[in-house]
Structure formats: C-alpha cells, structure tokens
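A short write-up of the structure that comes next.
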Amino acid sequence: MKYFLIFSNCTLTIGATRTVISDLQENKLFFIPNELYDILIELKNTPLIQVKNKLDLETQETLMEYINYFIDEGIGFYTSSPDSFPDFPLEYDTSEVINNAIIDLDEKSDYDIKKVINNLTDVQCKYLEVRAYTTLCLEKMEGILEYCSKGYFKNVDFIAQYSNEKNYVEQVKTLVLNSPLIGRVLLHSAPNDYEDDFIKQTKAVILDNTCCGVINQGYFVSTIAVFTEAQNHNTCLNKKISIDVNGDIKNCPSMSKSFGNIENTSFQQALKVKDFKKYWNVSKDEIEVCKDCEFRYICTDCRAYKEDPDNDFSKPLKCGYSPYTNEWEDWSTNPLKVKAIEHYAMSYLNIK
Amino acid sequence: MVLLLTNSQHDTTPESVMDWLSYYKQDFKRLHAENYSNWDLKNIKKVSTVWFWRWGFVKGLPQATVVDNEKNIITLNDNIRDENKMLSQYFMYLLKSKNWLSHPSSIDVNKLIVLDEAKAVGFNIPEYKIINSKKQLQNFKEEHGRVITKSLGNTFPLSSRECFTMFYTKEVTNIEAVSSTFPSSFIQKFIPKTLEIRTFYFNKEIFSMAIMTPNSEVDHRKYSKDLRKVPYQLTKEVEDKIHFLMETLNLETGSLDFMLGQDNLIYFLEVNPIGQFSMVSEPCNYFLEKKIALHLKTLHEKKH
Ligand code: SF4
C-alpha cells in the first residue's frame, strides 16, 4: 500500500484560518489551508488511495496538486512503511541554568561588568547581548570578550552607538575578525545605513530599552531548538537573565520588577527568588490571540510590552499580525494600541 | 572525577557531553594524545570513570637533521608513532581499574569479522569479496553488476599543498584503467537504496535516523541543500539482531550503518565503535550527549 507522509521534521501548526508547515531542518515555511491539515494527519496511517476515495473529484485533484508540490519542495514522500517514520520527538532541554543574557549600558552605568560575567559563568550562560545606548570604546568591548572567554559563552553580540572617533569602525571590524566569540555588531545612530560581513550600521537611534519587543516575520525561526522550546516555554524569557542600566537584575531590561542589584545580589540568589521564573513557562498556547496563531511555535514573545499592560497573558503589543485575517498591520499606528503605547512611554516612536 | 579521553580537535560531540557534565556539576578533565603527558599522574587516584571517545595521535616530526631522505622520514615517523603507542597503552593500563565507557582494547573491530558475525546473526549483507586481480574483479562485476570498494581499516586523508584526498566508499566504474594485479581490496555489490540508516547503540538502547536518498528524477538544484534527515524506527526484528550482534562483539556502544534497498530489504553495512553520534542526535532531537553524560554521572556515583 502506498502512503504519503510529510517528513516528521516539517511540523504542522494549525491556526485560526490557515496552517503553516515549518521545515525545522531548512528553516522554511509553507502555508496550506486548514482542510488539508486534517487530511495530512489522516494520511499518516491511512493509505493514500483510501483517503482519496472518500473525497470528491475536485478535492482529489487539489490534494494531488499539493502532494506533488510537497514532493517537489522536498518536504513530503511516498512510502510503503509509515511505521518506520515516527513523529518528531518534541522533548526540550538545554545544558545550562541560564541560556542567554542581556546587559544594558548607558552613559551613567557604573556597575561592575566583570562581576556580571562571572555570575553568568556560574550559571553556564551561552549567549550574551550587550546593548549600549551610548558609545562603547574598543577597550571595553575587548574587556567583555576577555571575561567571557573564561566561561561557557558561544556567542556575544554588541549593540552600541556609532562613534566618530578616528578609525573606530575599522577597529571594531578587526575585533570581529579576530574574536571567535563575537557574532554581530550593530552600531546605531550612524550617519548612514550600511552592512558588511563584520558590522551593521543603522541611522535609527536607540535611546533606551523601549525599542525592544518588536515582532515581525523576519524574527520567525523554524528550527528544532525554537519549536521544541515553544511547546511549553516562553520563547523570549525562558532561561534568560538581564542587567538593566542601573545594574538591577531582571528577567528582561524592559520589565519593571527587579530581583536585586548586582552590587549585592548574585544570580544564584536572584534565581531562587519566587517569581523569577514566573514567565519561563508561559507558552504561546496560553497567550491571547497567539494561541490561535499558526506562527505560535516559531515566533518570539514579549512579556514587557503587551496590548493590555495589566494582563500577563495579553498579546505582545508590537505584533501587527492577526491570525484571523492573516494580515500584517503597522502596530504603532493602530488606534487600539495607543493607550498601551502611552503607558509604556515609547519615546522613540515620536522621533520618527 | 570523570576523565574524558577524546581527540584534540574542536568537536561538538565531546564538547556537548562536557556542557552536560558541567550542568550536572560533575568534576571532569579532558585529555588527548597530544596533551596527556603534561597531566600529573598523581591525579589518577581521583578518577572514578573514563569515557574513551577517540584519542588521536601525536602529530608532526621533530626537526631532525639525521633525516636526509624520504625513506628515513617514513621510518622515523613509524618509530615515533610506535613510541607514542606504547606510552598511550601504558597510560590506559594505569587507568584499568576505573569504570570505562568503553575500554580501547574492546573497540578495535575488524570489519571482516564484523561482517561474518552480522551474517551469523541473520542480517542481509550485500555480496562481497576480497579481490586482488583485474580478472577476479571482472568476474565479480559480471556476476553482480555495479560494484563498490571501501577501506577495511581506519584511513587518514592524504593532503598536500595541491590536493586533499579522503578514502570514501566509491563505485568501481572504469575497470579498464585498473592494473592486472593490485593490493587486496574489499569489493562489494552495489545495491540501489531508498535511504541510509544511521543507528546509535548505547546502554542497550537503539536510536536510528534515516537519510533520504535524493530522487534522481527530481531537479538537481533542489539537492544542493542537505539531504533530509529524520528519526527512523527499525522493526523489532532488526533491533533484536542489533542487540545480539553488539553483545557478540562485546560492544557497549557504537554506531551502525544500514541501508534500505529499493528491494525493501534492510542491509547491514558496518559498525563503528566510536561514531560521531551528534550527527544523529541533533537532527533527531535524541539528546544522546545528555544520555552519555548522565550515564557517566551514574558510573561515577557507583564508584563512591
Ligand atoms: S500573534 Fe502572537 S504568535 Fe502570532 S505573530 Fe503575533 S506575536 Fe507571534
């Protein structure tokens, strides 16, 4: 008997009005109608011919068109032994207490960065993002990388204000070239937009952390790591720790709750505080609107800026997508969001 | 303490096991052929458990002025390798009372013996023969059609400034170009396949992955990307044979290669006692590195 299967690492997520197939191997998405979702599920253990026979002629034809398309795209195949192809295992785990961290800096920040990085090493942190709302001199970047090299870090990203200082950009590029740890450097407030293999420059001005939390298609990631984490965890805050510009320990710099200051609290202590992990297990399945969205297991999240600031389970404010209409709108001009935007005092929106 | 005997390179398999060991707060040390001689042997008494996963060999010749011709370079190289082998052997001997996963003496498998044992267990194996003349090769090819050749031992790539050659499994196509006699070679019937299967065996558990074969009718551009890799479930019958074979070969762990022929039969190809299992673990989300780390932790705790 001939069966048709979608490869198990191309997962189906049904949304309010359509289904997305996320190819977790190739990081690619395919959209299909929800009616097809049910048929594909049935095809997992029913021979194609049997499934076909139950459909009217026109639907049969459409089904065959889709099947040929899936085979062409390399996301489906025929087999005579469907039992040999089990569902993809969705277990999630990582070998660290804290996976990623954000360190915020402005011109007034005077907390001890070395202490922060030592604390991150105690919790086996692997990914770090340093965000400077001011310029970051080369020595400081080198210092951070030097501390990080003694830990478990696999990648360190920098965001900093563009500097006019002679040779600054060239020196940063050399640093990126020579440091195995640096992933990406973004210089904001630059005179022009520019991008090469080493750095990215943007004219955008990044004044403070209210810039964070934007959700758009460019941020979707269709990988095993994200998809499995999203099943039961928050894709932004799970295993994350942050230091804001004042040295306060937080889930993310944009959130108001502090779990102590790095000057007198260790990460190990902060992690023990009740509520530190409160959002770690808030998955998209529990968030309003997102729970109906076909992107829910490949999307990032934001619990700092929400449509309803008082509701822990409200949709991210900076997402303009509606899973009911499948349309993207500019969230910042949406009249329904004005109140929340004012609530969070998003100064940078007025600049543009 | 857990001692990791691995190769010297950056390698995701041992590094990921180390990450898990740190997560479980285990004391460990990684050593390899090139750095173990700097390690203080006094530390041996702290070791409870040893994970042996490759070892490497000491590379490079010292600048020796006595070497004035190519033959001497080869002889000297062999001598140095032999010296190092003795030292490594002695080092392993010093550790012999520890818990091992797995002791290097048990992992030296001979591909031909393995094939005999696999046949005895009841696996399908593509016809093969050891051949050293063009005549025999022609006869074998006449009987079986397309044939392949592969190495029986561990091969090291040849590299020079101009080229880099690895000893892959290769189809033998141009028989005319073959000399009338040649060093004995392993020649095997080519079986058209539907997919390849990579299996990792560990702690009596079996984890398999299918690597799909590109459909030749399909546009080639599509396959510039990676071949599709998905979890695969072998039948109980095949899995039982695997348990049996690994017990016969006295292997606690190892990677096995199979293929599913277009005739719908599963063929056994080979066993590698220290396979690169991350290439199965990552695409299939099997967490094999975590399982190894937990096993090492258990072994360590048993000793104390
Ligand atoms: S609705 Fe939710 S899941 Fe969908 S794109 Fe927006 S934030 Fe992501």
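In the structure tokens, the first chain shown is A, the next is B, and so on; residue numbers restart at 1 for each chain, and ligands run from 1 in the order shown.
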Give the residues of chain B that lie within 6 Å of chain A; count only C-alpha atoms, and format the answer as a compact mmCIF listing (two decimals) with N, CA and C atoms, in the first residue's frame.
# COMPACT_ATOMS: atom_id res chain seq x y z
N ASP B 19 29.43 20.02 28.27
CA ASP B 19 28.44 21.00 28.72
C ASP B 19 27.44 20.36 29.67
N TRP B 20 26.99 19.16 29.32
CA TRP B 20 26.03 18.47 30.19
C TRP B 20 26.68 18.07 31.50
N TYR B 23 26.70 21.00 33.66
CA TYR B 23 25.33 21.27 34.11
C TYR B 23 24.98 20.37 35.30
N TYR B 232 14.05 7.50 12.58
CA TYR B 232 13.64 6.28 11.89
C TYR B 232 13.43 5.19 12.92
N GLN B 233 12.39 4.39 12.74
CA GLN B 233 12.12 3.28 13.65
C GLN B 233 12.37 1.96 12.93
Checklist entry - What lies within 7 Å of Leu12 in chain A using only C-alpha atoms, ignoring chain neighbours under 3 positions off, as a PyMOL selection string? => result chain A and resi 19-22
Next on the checklist: When you look at range 193-203 of chain B with a cut-off of 9 Å (counting only C-alpha atoms), what residues show up, excluding the ones that are within fewer than 5 positions of it in the same chain? I need them as a PyMOL selection string.
Outcome noted: chain B and resi 208-215+232+242-243+246+252-264+275+277+280-281+288+291-292+295
How would the residues just chosen look if you wrote them out with N, CA and C atoms as an mmCIF file, in the first residue's frame?
data_model
loop_
_atom_site.group_PDB
_atom_site.id
_atom_site.type_symbol
_atom_site.label_atom_id
_atom_site.label_comp_id
_atom_site.auth_asym_id
_atom_site.auth_seq_id
_atom_site.Cartn_x
_atom_site.Cartn_y
_atom_site.Cartn_z
ATOM 1 N N SER B 208 17.768 5.534 15.836
ATOM 2 C CA SER B 208 18.059 5.496 14.409
ATOM 3 C C SER B 208 17.594 6.750 13.686
ATOM 4 N N MET B 209 18.300 7.034 12.602
ATOM 5 C CA MET B 209 17.966 8.182 11.758
ATOM 6 C C MET B 209 18.018 7.737 10.300
ATOM 7 N N ALA B 210 17.046 8.212 9.515
ATOM 8 C CA ALA B 210 17.067 7.934 8.077
ATOM 9 C C ALA B 210 17.666 9.130 7.354
ATOM 10 N N ILE B 211 18.518 8.849 6.388
ATOM 11 C CA ILE B 211 18.993 9.902 5.484
ATOM 12 C C ILE B 211 18.387 9.577 4.127
ATOM 13 N N MET B 212 17.488 10.421 3.673
ATOM 14 C CA MET B 212 16.762 10.128 2.450
ATOM 15 C C MET B 212 17.676 10.272 1.238
ATOM 16 N N THR B 213 17.511 9.421 0.283
ATOM 17 C CA THR B 213 18.295 9.478 -0.946
ATOM 18 C C THR B 213 17.565 10.386 -1.924
ATOM 19 N N PRO B 214 18.285 11.325 -2.530
ATOM 20 C CA PRO B 214 17.573 12.206 -3.458
ATOM 21 C C PRO B 214 16.995 11.407 -4.618
ATOM 22 N N ASN B 215 15.799 11.754 -4.986
ATOM 23 C CA ASN B 215 15.132 11.116 -6.111
ATOM 24 C C ASN B 215 15.762 11.644 -7.396
ATOM 25 N N TYR B 232 14.055 7.495 12.580
ATOM 26 C CA TYR B 232 13.636 6.280 11.894
ATOM 27 C C TYR B 232 13.432 5.185 12.921
ATOM 28 N N ILE B 242 20.366 -6.353 16.284
ATOM 29 C CA ILE B 242 21.403 -5.392 16.696
ATOM 30 C C ILE B 242 21.881 -5.719 18.116
ATOM 31 N N HIS B 243 20.937 -5.940 19.029
ATOM 32 C CA HIS B 243 21.320 -6.289 20.406
ATOM 33 C C HIS B 243 22.233 -7.505 20.411
ATOM 34 N N MET B 246 25.771 -6.676 18.916
ATOM 35 C CA MET B 246 26.605 -5.855 19.792
ATOM 36 C C MET B 246 27.085 -6.678 20.982
ATOM 37 N N GLU B 252 29.657 -2.027 24.101
ATOM 38 C CA GLU B 252 28.630 -1.372 24.909
ATOM 39 C C GLU B 252 27.937 -0.279 24.120
ATOM 40 N N THR B 253 28.686 0.303 23.196
ATOM 41 C CA THR B 253 28.157 1.419 22.430
ATOM 42 C C THR B 253 28.795 1.415 21.048
ATOM 43 N N GLY B 254 28.124 2.046 20.103
ATOM 44 C CA GLY B 254 28.688 2.114 18.765
ATOM 45 C C GLY B 254 27.672 2.642 17.775
ATOM 46 N N SER B 255 28.170 3.003 16.594
ATOM 47 C CA SER B 255 27.299 3.472 15.527
ATOM 48 C C SER B 255 27.223 2.396 14.461
ATOM 49 N N LEU B 256 26.028 2.108 13.998
ATOM 50 C CA LEU B 256 25.865 1.102 12.952
ATOM 51 C C LEU B 256 25.287 1.749 11.703
ATOM 52 N N ASP B 257 25.763 1.299 10.546
ATOM 53 C CA ASP B 257 25.234 1.800 9.272
ATOM 54 C C ASP B 257 24.426 0.708 8.586
ATOM 55 N N PHE B 258 23.231 1.088 8.159
ATOM 56 C CA PHE B 258 22.392 0.194 7.375
ATOM 57 C C PHE B 258 21.925 0.947 6.145
ATOM 58 N N MET B 259 21.297 0.223 5.232
ATOM 59 C CA MET B 259 20.556 0.918 4.178
ATOM 60 C C MET B 259 19.290 0.137 3.868
ATOM 61 N N LEU B 260 18.293 0.889 3.413
ATOM 62 C CA LEU B 260 17.068 0.247 2.963
ATOM 63 C C LEU B 260 17.163 0.209 1.443
ATOM 64 N N GLY B 261 17.234 -1.004 0.903
ATOM 65 C CA GLY B 261 17.370 -1.131 -0.539
ATOM 66 C C GLY B 261 16.061 -0.833 -1.239
ATOM 67 N N GLN B 262 16.134 -0.583 -2.549
ATOM 68 C CA GLN B 262 14.902 -0.372 -3.312
ATOM 69 C C GLN B 262 14.080 -1.654 -3.372
ATOM 70 N N ASP B 263 14.736 -2.782 -2.982
ATOM 71 C CA ASP B 263 14.017 -4.045 -2.894
ATOM 72 C C ASP B 263 13.306 -4.185 -1.549
ATOM 73 N N ASN B 264 13.340 -3.093 -0.734
ATOM 74 C CA ASN B 264 12.675 -3.062 0.561
ATOM 75 C C ASN B 264 13.321 -3.934 1.629
ATOM 76 N N GLY B 275 31.501 6.220 16.967
ATOM 77 C CA GLY B 275 30.929 7.044 15.904
ATOM 78 C C GLY B 275 30.694 8.467 16.353
ATOM 79 N N PHE B 277 28.264 10.582 17.058
ATOM 80 C CA PHE B 277 26.816 10.427 17.234
ATOM 81 C C PHE B 277 26.039 11.733 17.257
ATOM 82 N N VAL B 280 23.585 12.192 14.551
ATOM 83 C CA VAL B 280 22.277 11.559 14.670
ATOM 84 C C VAL B 280 21.449 12.292 15.734
ATOM 85 N N SER B 281 22.119 12.642 16.813
ATOM 86 C CA SER B 281 21.445 13.245 17.957
ATOM 87 C C SER B 281 20.780 14.582 17.613
ATOM 88 N N LEU B 288 21.412 12.524 22.849
ATOM 89 C CA LEU B 288 22.350 11.440 23.144
ATOM 90 C C LEU B 288 23.507 11.918 24.022
ATOM 91 N N LYS B 291 22.375 11.881 27.477
ATOM 92 C CA LYS B 291 22.286 10.500 27.971
ATOM 93 C C LYS B 291 23.666 9.957 28.336
ATOM 94 N N ILE B 292 24.667 10.271 27.511
ATOM 95 C CA ILE B 292 26.039 9.824 27.811
ATOM 96 C C ILE B 292 26.499 10.472 29.125
ATOM 97 N N HIS B 295 24.937 8.898 32.042
ATOM 98 C CA HIS B 295 25.496 7.569 32.259
ATOM 99 C C HIS B 295 26.851 7.669 32.973
#
Checklist entry - If we count only C-alpha atoms, what is near range 292-308 of chain A at a cut-off of 7 Å, once residues fewer than 6 positions away on the same chain are taken out, given as JSON, numbers by chain? => result {"A": [13, 14, 15, 16, 18, 19, 20, 213, 219, 220, 221, 222, 226, 227, 230, 231, 234, 235, 236, 254, 255, 284, 314, 315, 316, 317, 323, 337, 340]}
Checklist entry - Hey, what does DSSP flag as strand (DSSP E or B) within range 24-260 of chain B? Can you give it to me as number ranges by chain? => result B: 28-31, 49-53, 99-101, 124, 128-133, 147-150, 158-159, 164-165, 170-172, 181-189, 193-202, 205-212, 229-232, 253-260
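If only C-alpha atoms are the atoms counted, then among A:Ile67, A:Asn155, A:Leu237, A:Lys2 the closest residue to Leu48 in chain A is A:Lys2.
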Checklist outcome for this item: Taken to one decimal, the CA of Trp328 in chain A-CA of Phe31 in chain A distance is 15.5 Å
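What separates CA of Lys257 in chain A from CA of Lys274 in chain A is a distance of 12.0 Å.
Residues with any atom within 12 Å of Asn154 in chain B, counting only C-alpha atoms and excluding same-chain neighbours fewer than 2 positions away, are B:Asp108, B:Val109, B:Asn110, B:Lys111, B:Lys150, B:Ser151, B:Leu152, B:Phe156, B:Pro157, B:Met166, B:Phe167, B:Tyr168, B:Asn272, B:Pro273, B:Ile274.
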Those selected residues, please, written with all heavy atoms and delivered as a compact mmCIF listing (two decimals), in the first residue's frame.
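The file below, result09.txt, is the result:
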# COMPACT_ATOMS: atom_id res chain seq x y z
N ASP B 108 38.59 -2.27 19.12
CA ASP B 108 39.33 -2.48 17.88
C ASP B 108 38.61 -3.53 17.05
O ASP B 108 38.91 -4.71 17.16
CB ASP B 108 40.75 -2.96 18.23
CG ASP B 108 41.77 -2.12 17.49
OD1 ASP B 108 41.35 -1.30 16.66
OD2 ASP B 108 42.97 -2.30 17.76
N VAL B 109 37.65 -3.15 16.24
CA VAL B 109 36.91 -4.16 15.50
C VAL B 109 37.49 -4.32 14.10
O VAL B 109 38.02 -3.39 13.51
CB VAL B 109 35.40 -3.82 15.38
CG1 VAL B 109 34.77 -3.74 16.75
CG2 VAL B 109 35.18 -2.55 14.61
N ASN B 110 37.36 -5.51 13.60
CA ASN B 110 37.82 -5.83 12.25
C ASN B 110 36.58 -5.95 11.37
O ASN B 110 35.68 -6.75 11.64
CB ASN B 110 38.59 -7.15 12.32
CG ASN B 110 39.08 -7.59 10.96
OD1 ASN B 110 38.29 -7.72 10.02
ND2 ASN B 110 40.37 -7.82 10.86
N LYS B 111 36.53 -5.15 10.33
CA LYS B 111 35.31 -5.09 9.51
C LYS B 111 34.91 -6.45 8.94
O LYS B 111 33.73 -6.75 8.81
CB LYS B 111 35.48 -4.09 8.36
CG LYS B 111 35.33 -2.65 8.83
CD LYS B 111 35.37 -1.66 7.68
CE LYS B 111 35.51 -0.23 8.21
NZ LYS B 111 35.82 0.75 7.19
N LYS B 150 35.59 -0.16 -0.60
CA LYS B 150 35.86 0.71 0.55
C LYS B 150 37.00 0.14 1.37
O LYS B 150 37.38 -1.02 1.19
CB LYS B 150 34.60 0.90 1.38
CG LYS B 150 34.04 -0.34 2.04
CD LYS B 150 32.79 0.05 2.86
CE LYS B 150 32.15 -1.16 3.51
NZ LYS B 150 30.93 -0.81 4.22
N SER B 151 37.52 0.96 2.28
CA SER B 151 38.68 0.51 3.05
C SER B 151 38.23 -0.35 4.22
O SER B 151 37.12 -0.20 4.72
CB SER B 151 39.45 1.73 3.56
OG SER B 151 38.63 2.46 4.44
N LEU B 152 39.11 -1.22 4.66
CA LEU B 152 38.81 -2.10 5.79
C LEU B 152 39.33 -1.52 7.10
O LEU B 152 38.83 -1.80 8.17
CB LEU B 152 39.42 -3.48 5.57
CG LEU B 152 38.76 -4.30 4.46
CD1 LEU B 152 39.57 -5.55 4.17
CD2 LEU B 152 37.33 -4.67 4.85
N PHE B 156 43.56 7.60 6.93
CA PHE B 156 43.80 9.01 7.18
C PHE B 156 43.84 9.71 5.84
O PHE B 156 44.36 9.16 4.88
CB PHE B 156 45.12 9.20 7.92
CG PHE B 156 45.12 8.54 9.26
CD1 PHE B 156 45.71 7.30 9.45
CD2 PHE B 156 44.49 9.14 10.34
CE1 PHE B 156 45.69 6.67 10.69
CE2 PHE B 156 44.46 8.53 11.59
CZ PHE B 156 45.06 7.29 11.76
N PRO B 157 43.28 10.90 5.77
CA PRO B 157 43.29 11.59 4.48
C PRO B 157 44.71 11.94 4.05
O PRO B 157 45.59 12.12 4.89
CB PRO B 157 42.48 12.86 4.74
CG PRO B 157 42.34 12.97 6.22
CD PRO B 157 42.60 11.65 6.81
N MET B 166 40.34 11.99 0.57
CA MET B 166 39.78 11.15 1.62
C MET B 166 39.47 9.80 0.99
O MET B 166 39.19 9.71 -0.20
CB MET B 166 38.48 11.75 2.14
CG MET B 166 38.63 13.09 2.81
SD MET B 166 38.68 12.92 4.59
CE MET B 166 36.96 12.69 4.95
N PHE B 167 39.49 8.73 1.80
CA PHE B 167 39.18 7.41 1.26
C PHE B 167 37.71 7.09 1.50
O PHE B 167 37.35 6.47 2.48
CB PHE B 167 40.11 6.37 1.87
CG PHE B 167 41.52 6.58 1.45
CD1 PHE B 167 42.35 7.44 2.15
CD2 PHE B 167 42.01 5.95 0.32
CE1 PHE B 167 43.66 7.67 1.74
CE2 PHE B 167 43.33 6.17 -0.10
CZ PHE B 167 44.14 7.03 0.61
N TYR B 168 36.87 7.55 0.60
CA TYR B 168 35.45 7.30 0.68
C TYR B 168 35.09 5.94 0.10
O TYR B 168 35.88 5.34 -0.63
CB TYR B 168 34.66 8.33 -0.15
CG TYR B 168 34.68 9.72 0.38
CD1 TYR B 168 35.26 10.75 -0.36
CD2 TYR B 168 34.09 10.02 1.60
CE1 TYR B 168 35.27 12.05 0.11
CE2 TYR B 168 34.09 11.31 2.08
CZ TYR B 168 34.69 12.32 1.33
OH TYR B 168 34.68 13.59 1.79
N ASN B 272 30.79 1.12 13.72
CA ASN B 272 31.91 1.95 14.13
C ASN B 272 31.80 2.15 15.65
O ASN B 272 30.87 2.79 16.11
CB ASN B 272 31.84 3.29 13.39
CG ASN B 272 33.02 4.19 13.73
OD1 ASN B 272 33.82 3.87 14.62
ND2 ASN B 272 33.11 5.31 13.06
N PRO B 273 32.76 1.57 16.42
CA PRO B 273 32.63 1.61 17.88
C PRO B 273 32.63 3.02 18.46
O PRO B 273 32.07 3.25 19.53
CB PRO B 273 33.84 0.83 18.37
CG PRO B 273 34.26 0.01 17.20
CD PRO B 273 33.92 0.80 15.99
N ILE B 274 33.28 3.98 17.79
CA ILE B 274 33.23 5.35 18.31
C ILE B 274 32.76 6.28 17.21
O ILE B 274 33.52 7.04 16.64
CB ILE B 274 34.57 5.87 18.86
CG1 ILE B 274 35.67 4.84 18.67
CG2 ILE B 274 34.45 6.28 20.30
CD1 ILE B 274 36.97 5.25 19.27
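In this structure, CA of Leu128 in chain A sits 27.7 Å away from CA of Gly320 in chain A.
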Checklist entry - Do you know which residues are at most 12 Å from Leu187 in chain A counting only C-alpha atoms, after dropping those on the same chain fewer than 5 positions away, and could you put them as number ranges by chain? => result A: 130-136, 157-164, 168-169, 172-173, 192-195, 198-206
Output C-alpha atoms for every residue in that selection, as a PDB file, in the first residue's frame.
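What ended up in part-v8.pdb:
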ATOM      1  CA  VAL A 130      25.474  43.779  25.239  1.00  0.00           C
ATOM      2  CA  ARG A 131      23.331  46.826  24.420  1.00  0.00           C
ATOM      3  CA  ALA A 132      24.895  50.214  24.844  1.00  0.00           C
ATOM      4  CA  TYR A 133      22.671  53.280  24.404  1.00  0.00           C
ATOM      5  CA  THR A 134      25.903  55.233  24.383  1.00  0.00           C
ATOM      6  CA  THR A 135      29.232  54.679  22.638  1.00  0.00           C
ATOM      7  CA  LEU A 136      31.267  51.694  23.694  1.00  0.00           C
ATOM      8  CA  ASP A 157      26.536  40.288  20.265  1.00  0.00           C
ATOM      9  CA  PHE A 158      27.060  44.022  20.670  1.00  0.00           C
ATOM     10  CA  ILE A 159      24.760  46.955  20.047  1.00  0.00           C
ATOM     11  CA  ALA A 160      26.387  50.344  20.559  1.00  0.00           C
ATOM     12  CA  GLN A 161      26.135  53.926  19.466  1.00  0.00           C
ATOM     13  CA  TYR A 162      28.186  54.865  16.407  1.00  0.00           C
ATOM     14  CA  SER A 163      31.305  56.791  17.265  1.00  0.00           C
ATOM     15  CA  ASN A 164      33.053  59.469  15.209  1.00  0.00           C
ATOM     16  CA  TYR A 168      36.603  53.342  15.372  1.00  0.00           C
ATOM     17  CA  VAL A 169      34.650  51.376  12.790  1.00  0.00           C
ATOM     18  CA  VAL A 172      35.642  47.221  15.586  1.00  0.00           C
ATOM     19  CA  LYS A 173      35.814  45.280  12.336  1.00  0.00           C
ATOM     20  CA  ASN A 192      24.189  56.162   7.145  1.00  0.00           C
ATOM     21  CA  ASP A 193      22.795  52.645   6.832  1.00  0.00           C
ATOM     22  CA  TYR A 194      25.499  50.152   5.974  1.00  0.00           C
ATOM     23  CA  GLU A 195      26.167  46.440   6.302  1.00  0.00           C
ATOM     24  CA  PHE A 198      31.502  42.277  10.168  1.00  0.00           C
ATOM     25  CA  ILE A 199      29.204  45.085  11.242  1.00  0.00           C
ATOM     26  CA  LYS A 200      25.854  46.646  10.607  1.00  0.00           C
ATOM     27  CA  GLN A 201      25.226  50.366  10.875  1.00  0.00           C
ATOM     28  CA  THR A 202      21.830  51.975  11.164  1.00  0.00           C
ATOM     29  CA  LYS A 203      20.615  55.561  11.210  1.00  0.00           C
ATOM     30  CA  ALA A 204      18.000  54.514  13.768  1.00  0.00           C
ATOM     31  CA  VAL A 205      18.546  55.986  17.209  1.00  0.00           C
ATOM     32  CA  ILE A 206      18.337  53.504  20.049  1.00  0.00           C
TER      33      ILE A 206
END
Checklist entry - When distances are computed from only C-alpha atoms, which of A:Arg184, A:Lys44, A:Lys239, A:Lys52 shows the smallest separation from Leu120 in chain A? => result A:Lys239
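Distance annotation: of A:Asn326, A:Gln269, A:Thr121, A:Ser179, the residue with the minimal separation from ligand 1 is A:Asn326; atom set is only C-alpha atoms and all ligand atoms.
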Checklist entry - Counting only C-alpha atoms, what is within 8 Å of Trp53 in chain B, bar same-chain residues fewer than 3 positions away, as an MDAnalysis selection string? => result chainID B and resid 4:7 14 274
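When only C-alpha atoms and all ligand atoms are used to measure the gap to ligand 1, the shortest distance among A:Asp312, A:Asp23, A:Asp275, A:Asp285 belongs to A:Asp285.
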